[in-house]
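Q: Below is a structure I'd like to ask you about.
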Amino acid sequence: MGSNFRWKLLSLIVLVALSIYALYPTFRYYSMTEADRARMDPKALDSVRSNALKLGLDLQGGMHLVLELDRSALRDEEVPEAMSRAIEIMRNRVDRFGVAEPSIQRQGTDRMVIELPGLLDKDRAINLVGQTALLEFKLVKNDQDAHRALERLDRALAAKETAGAAVTDTELVALTHPLTDLMPYWPDLPYGGTFVPETDFPKARALLATVSVDSILPIDAQVLWGKSPEIYQSTSGRILYVIDRRPQLTGRGLANAVRRVGGDPTRPQAASVQLTLNAEGTRTFRRVTAQNIGRLLAIVLDDQVASAPRIKERIPTAQASITGIGTDEEAKDLATVLQAGALPAPVNIIQEMTVGASLGTDSIRRGTNAALIGALVVVAFMLIYYRASGLIAVAALFFNMLFLFAALAGMRGTLTLPGIAGMALTVGMAVDANVLIFERIREELAAGKKLRGAIDAGYHRAFRAILDSNVTTLISAGVLWWIASGPIQGFATTLFIGILANLYTAVMISRMVYDVYAARPGVEKISI
């Protein structure tokens, strides 16, 4: 058989060894129970999981979101750059969020498709991707300015309610304070703002929506609600802050944001987000705190006041914190979106879909069963029709699938239902190649050639047809991969790798087995 055979055998051994090495993390990860994973060192588990073959959204469940960039504040020529920046920020957010193998793809000029496999918490996913994350530090107005601003709103709301209506003097007096009447502790300003009980909060917010607040307030003022409920005098409610419109510092001065426990003296065990400012932010923060000792500084996130601590002294350090956060998980997500940066424009979620874990499990079962049934039918046909040669084809098919799975794992690929369909098509192409070879060998044997000559001629004559059919399929798969996205791209990837493996296994491996068999003394027949 000579040195040529030895090189073929060596290449096969190397490929099999590399395939086993690439697939070992996959076998290890998916063979572990949840208890095994809980006992394992987190870093070691992350290493195994990152190297294992991933399951797509359709197999393990998760979130599918379609987001559209709000173009109202952008010029047409600014949209492409804003979209690229939005995709980059979303990718950073999702990567820090810890979702395995997320998919973020552009769709058209102002849309993106985000798939988050394994994430089934709908509200958390929407909160993660939907926040603009515009961080601003703004001074809270002093009590006198805040009272004047709220009284102006009261008068405007009263005038709107009585406009065009015939009311008595008694009724007019009752309608004089539609907003502040919802504030039981008015004119006190607890926490730096006016307090509205939670039961009246929807009504107060709806009242403010009926007028143009910006046109009523002084040009340098605005009102913003607190992000989270507060407790005042044993009552739960929201704070309505009157603050400066101009920010003293923005998220551009932020260097880092991390979740931690503590930071709020009144609630030592509550979650908070520790902010670290960059050099420019530190200089600005130092100046602002030095010039405004005694005033409240509101930390505003997406037009909601996250907290409003009082400046007690000049703060020379680069540290600040956001308190009043509900849960540790919320603090972690807030740190994630702040660190990833603010979106260049708001995004609107125009489509959302949750794929449940049970659907993913059912998809795996159905897909696996379909592939197994198809493979068994093919194996049965090959064994019955081609006998021992059919067994050689089955062995070549086994190596084909081994190399295919190994390549996907080595490329950190993701297995999806369309990918399983690509594997099924690969099986068909592999069988087709073996059928061409076997039929050619049969023809050569029927023409009177000896076994060695029939094998050589069969492979030589079948190779051109095999190459043509596989190359055309490779081109189709390549084009699909290039222009498509999502499920179609997964199908194309699996098919492309499977066809490459097929060119090796159908021709090389089966030929090696025939060469070994035909080299035995006195062998002149073959079971085909």
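Convention: chains lettered A, B, ... in structure tokens order; per-chain residue numbering from 1; ligands numbered from 1 as shown.
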Excluding stretch 270-282 of chain A and residues on its chain fewer than 2 positions from it, collect all residues at most 8 Å away from it, counting only C-alpha atoms, and give them as a PyMOL selection string.
A: chain A and resi 249+252-264+267-268+284-286+316-328+331-332+334-335
Q: Export N, CA and C atoms of the chosen residues as a CSV table (one decimal), in the first residue's frame?
A:
chain,number,residue,atom,x,y,z
A,249,LEU,N,-23.1,67.4,34.9
A,249,LEU,CA,-22.2,66.3,34.5
A,249,LEU,C,-23.0,65.2,33.8
A,252,ARG,N,-20.7,61.0,30.0
A,252,ARG,CA,-19.4,61.0,29.3
A,252,ARG,C,-18.3,61.1,30.4
A,253,GLY,N,-18.6,61.6,31.6
A,253,GLY,CA,-17.6,61.6,32.6
A,253,GLY,C,-17.5,60.3,33.4
A,254,LEU,N,-18.2,59.3,33.0
A,254,LEU,CA,-18.2,58.0,33.7
A,254,LEU,C,-17.1,57.1,33.1
A,255,ALA,N,-16.3,56.5,34.0
A,255,ALA,CA,-15.3,55.6,33.6
A,255,ALA,C,-15.7,54.1,33.9
A,256,ASN,N,-16.5,53.9,35.0
A,256,ASN,CA,-16.8,52.5,35.3
A,256,ASN,C,-18.1,52.6,36.2
A,257,ALA,N,-18.8,51.5,36.2
A,257,ALA,CA,-20.0,51.3,37.1
A,257,ALA,C,-20.1,49.9,37.5
A,258,VAL,N,-20.1,49.6,38.8
A,258,VAL,CA,-20.2,48.3,39.3
A,258,VAL,C,-21.3,48.2,40.4
A,259,ARG,N,-21.8,47.0,40.5
A,259,ARG,CA,-22.9,46.7,41.5
A,259,ARG,C,-22.2,46.4,42.8
A,260,ARG,N,-22.8,46.9,43.9
A,260,ARG,CA,-22.2,46.5,45.2
A,260,ARG,C,-23.4,46.6,46.2
A,261,VAL,N,-23.1,46.0,47.4
A,261,VAL,CA,-24.1,46.1,48.5
A,261,VAL,C,-23.6,47.2,49.5
A,262,GLY,N,-24.6,48.1,49.8
A,262,GLY,CA,-24.2,49.2,50.7
A,262,GLY,C,-24.2,50.5,49.9
A,263,GLY,N,-23.7,51.6,50.5
A,263,GLY,CA,-23.7,52.8,49.8
A,263,GLY,C,-24.8,53.8,50.3
A,264,ASP,N,-25.8,53.2,50.9
A,264,ASP,CA,-27.0,54.0,51.4
A,264,ASP,C,-27.0,53.8,52.9
A,267,ARG,N,-30.0,52.3,54.5
A,267,ARG,CA,-30.3,50.9,54.2
A,267,ARG,C,-28.9,50.2,53.8
A,268,PRO,N,-28.2,49.7,54.9
A,268,PRO,CA,-26.8,49.2,54.7
A,268,PRO,C,-26.8,48.0,53.8
A,284,THR,N,-14.9,68.0,37.1
A,284,THR,CA,-16.2,68.7,37.1
A,284,THR,C,-17.0,68.4,38.4
A,285,PHE,N,-16.9,67.2,38.9
A,285,PHE,CA,-17.6,66.8,40.1
A,285,PHE,C,-17.0,67.5,41.3
A,286,ARG,N,-15.7,67.7,41.4
A,286,ARG,CA,-15.0,68.4,42.4
A,286,ARG,C,-15.5,69.8,42.5
A,316,PRO,N,-13.5,65.4,46.6
A,316,PRO,CA,-12.4,65.5,45.6
A,316,PRO,C,-12.2,64.1,44.9
A,317,THR,N,-12.8,63.1,45.4
A,317,THR,CA,-12.6,61.8,44.8
A,317,THR,C,-13.4,61.6,43.5
A,318,ALA,N,-13.2,60.5,42.8
A,318,ALA,CA,-13.8,60.1,41.6
A,318,ALA,C,-15.0,59.1,41.8
A,319,GLN,N,-15.6,59.1,43.0
A,319,GLN,CA,-16.6,58.1,43.3
A,319,GLN,C,-17.9,58.8,43.6
A,320,ALA,N,-19.0,58.1,43.2
A,320,ALA,CA,-20.3,58.5,43.5
A,320,ALA,C,-21.1,57.2,43.5
A,321,SER,N,-22.4,57.2,44.0
A,321,SER,CA,-23.1,56.0,44.0
A,321,SER,C,-24.6,56.3,43.7
A,322,ILE,N,-25.3,55.3,43.1
A,322,ILE,CA,-26.7,55.4,42.9
A,322,ILE,C,-27.4,54.4,43.9
A,323,THR,N,-28.2,54.9,44.8
A,323,THR,CA,-28.9,54.1,45.8
A,323,THR,C,-30.4,54.0,45.5
A,324,GLY,N,-31.1,53.4,46.3
A,324,GLY,CA,-32.5,53.3,46.2
A,324,GLY,C,-32.9,52.3,45.1
A,325,ILE,N,-32.0,51.3,44.8
A,325,ILE,CA,-32.3,50.3,43.7
A,325,ILE,C,-33.0,49.1,44.4
A,326,GLY,N,-34.0,48.6,43.7
A,326,GLY,CA,-34.9,47.6,44.3
A,326,GLY,C,-34.1,46.3,44.7
A,327,THR,N,-33.5,45.6,43.7
A,327,THR,CA,-32.9,44.3,44.0
A,327,THR,C,-31.4,44.3,43.5
A,328,ASP,N,-30.7,43.3,44.0
A,328,ASP,CA,-29.3,43.1,43.6
A,328,ASP,C,-29.2,42.9,42.1
A,331,ALA,N,-29.6,46.2,40.3
A,331,ALA,CA,-28.3,46.9,40.4
A,331,ALA,C,-27.3,46.4,39.4
A,332,LYS,N,-27.2,45.1,39.2
A,332,LYS,CA,-26.3,44.5,38.3
A,332,LYS,C,-26.6,45.0,36.8
A,334,LEU,N,-28.3,47.6,35.9
A,334,LEU,CA,-28.1,49.1,35.8
A,334,LEU,C,-26.6,49.3,35.6
A,335,ALA,N,-25.7,48.7,36.3
A,335,ALA,CA,-24.3,48.8,36.1
A,335,ALA,C,-23.9,48.4,34.7
Q: Near A:Phe496, counting only C-alpha atoms, which residues have an atom at most 12 Å away, once you skip same-chain residues fewer than 5 positions from it, shown as a list in words?
A: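 Selected residues are Leu404, Ala407, Leu408, Gly419, Gly422, Met423, Leu425, Thr426, Met429, Asn470, Val471, Thr472, Thr473, Leu474, Ile475, Ser476, Ala477, Gly478, Val479, Leu480, Trp481, Trp482, Gln489, Gly490, Phe491, Ala501, Asn502 and Leu503 of chain A.
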Q: I'd like to know which of A:Val300, A:Val196, A:Leu500, A:Ala424 is closest to A:Arg238, using only C-alpha atoms.
A: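 Of the candidates, the smallest distance to A:Arg238 is held by A:Val196.
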Q: Quick one: residues within 7 Å of stretch 113-117 of chain A, only C-alpha atoms counted, chain neighbours fewer than 3 positions away excluded, as a ChimeraX atom specification?
A: /A:56-57,60-67,99-107
Q: DSSP on the backbone, then: every residue of stretch 240-455 of chain A marked helix (DSSP H, G or I), written as an MDAnalysis selection string.
A: chainID A and resid 251:253 279:291 328:340 357:410 417:446 451:455
Q: When you look at A:Phe27 with a cut-off of 12 Å (counting only C-alpha atoms), what residues show up, excluding the ones that are within fewer than 2 positions of it in the same chain? I need them as a compact mmCIF listing (two decimals) with C-alpha atoms, in the first residue's frame.
A:
# COMPACT_ATOMS: atom_id res chain seq x y z
CA SER A 19 -12.31 16.00 16.79
CA ILE A 20 -12.41 14.17 20.12
CA TYR A 21 -10.44 17.00 21.71
CA ALA A 22 -12.85 19.62 20.31
CA LEU A 23 -15.94 17.66 21.38
CA TYR A 24 -14.76 16.69 24.87
CA PRO A 25 -16.09 19.89 26.54
CA TYR A 29 -20.94 19.79 29.83
CA TYR A 30 -24.12 18.13 28.58
CA SER A 31 -23.47 14.92 30.54
CA MET A 32 -23.36 16.84 33.84
CA VAL A 48 -16.25 24.11 29.89
CA ARG A 49 -19.45 25.91 28.86
CA ASN A 51 -15.89 25.55 24.74
CA ALA A 52 -18.97 23.35 24.42
CA LEU A 53 -21.22 23.33 21.38
CA LYS A 54 -23.95 25.89 21.98
CA PHE A 405 -19.85 18.33 15.15
CA ALA A 406 -16.18 18.86 16.00
CA ALA A 409 -17.63 23.05 18.48
Q: Using only C-alpha atoms, which protein or nucleic acid residues come within 10 Å of A:Tyr517? Drop anything in the same chain fewer than 6 positions from it, and give the result as a short mmCIF file (atom, residue, chain, number, x, y, z; two decimals) with N, CA and C atoms, in the first residue's frame.
A:
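What follows is the written file selection.cif:
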data_model
loop_
_atom_site.label_atom_id
_atom_site.label_comp_id
_atom_site.auth_asym_id
_atom_site.auth_seq_id
_atom_site.Cartn_x
_atom_site.Cartn_y
_atom_site.Cartn_z
N ARG A 452 -8.89 -5.01 -7.96
CA ARG A 452 -8.07 -3.82 -7.79
C ARG A 452 -8.35 -2.80 -8.91
N ARG A 511 -12.07 4.58 0.51
CA ARG A 511 -11.00 4.09 -0.35
C ARG A 511 -9.91 3.39 0.46
N VAL A 523 -7.64 -12.27 -2.69
CA VAL A 523 -8.96 -11.65 -2.65
C VAL A 523 -9.30 -11.13 -4.03
N GLU A 524 -10.37 -11.62 -4.60
CA GLU A 524 -10.80 -11.19 -5.93
C GLU A 524 -12.26 -10.77 -5.98
N LYS A 525 -12.95 -10.89 -4.84
CA LYS A 525 -14.37 -10.53 -4.79
C LYS A 525 -14.63 -9.57 -3.63
N ILE A 526 -15.70 -8.88 -3.79
CA ILE A 526 -16.09 -7.94 -2.74
C ILE A 526 -17.61 -7.96 -2.63
#
Q: Rounded to one decimal place, report the atom CA of A:Ala308-atom CA of A:Thr194 distance in Å.
A: 12.9 Å
Q: Which residues are close to A:Gly294, i.e. within 7 Å by only C-alpha atoms, leaving aside same-chain residues fewer than 5 positions away? Reply as a list in words.
A: Arg310, Ile311 and Lys312 of chain A
Q: State, in Å with one decimal place, the distance from atom CA of A:His177 to atom CA of A:Asp145.
A: 17.7 Å
Q: How many Å separate atom CA of A:Glu77 from atom CA of A:Pro346?
A: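 Atom CA of A:Pro346 lies at a distance of 17.0 Å from atom CA of A:Glu77.
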Q: Once DSSP has gone over the backbone, tell me which residues of stretch 176-412 of chain A are in strand (DSSP E), as a count of residues only.
A: 62
Q: Smallest atom-to-atom distance to A:Ala298: which of A:Arg75, A:Arg246, A:Arg152, A:Lys449, using only C-alpha atoms?
A: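 For A:Ala298, the nearest of the candidates is A:Arg246.
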Q: What's the 9 Å shell around A:Phe463, counting only C-alpha atoms, without same-chain residues fewer than 3 positions away, as a count of residues only?
A: 10
Q: For A:Arg85, which residue out of A:Ala342, A:Ala457, A:Leu217, A:Ala133 is the nearest one, using only C-alpha atoms?
A: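 Ranking A:Ala342, A:Ala457, A:Leu217, A:Ala133 by distance to A:Arg85, first place goes to A:Ala342.
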Q: Of the candidates A:Val513, A:Val355, A:Ser307, A:Gly192, which shows the shortest atom-to-atom distance to A:Ala396, using only C-alpha atoms?
A: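 Answer, going by the shortest atom-to-atom distance: A:Val513.
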Q: Go through A:Ser50, A:Asp143, A:Ile373, A:Leu10 one by one, measure the shortest atom-to-atom distance of each to A:Arg412 using only C-alpha atoms, and give the residue with the smallest value.
A: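 With only C-alpha atoms as the atom set, the closest residue is A:Ser50.
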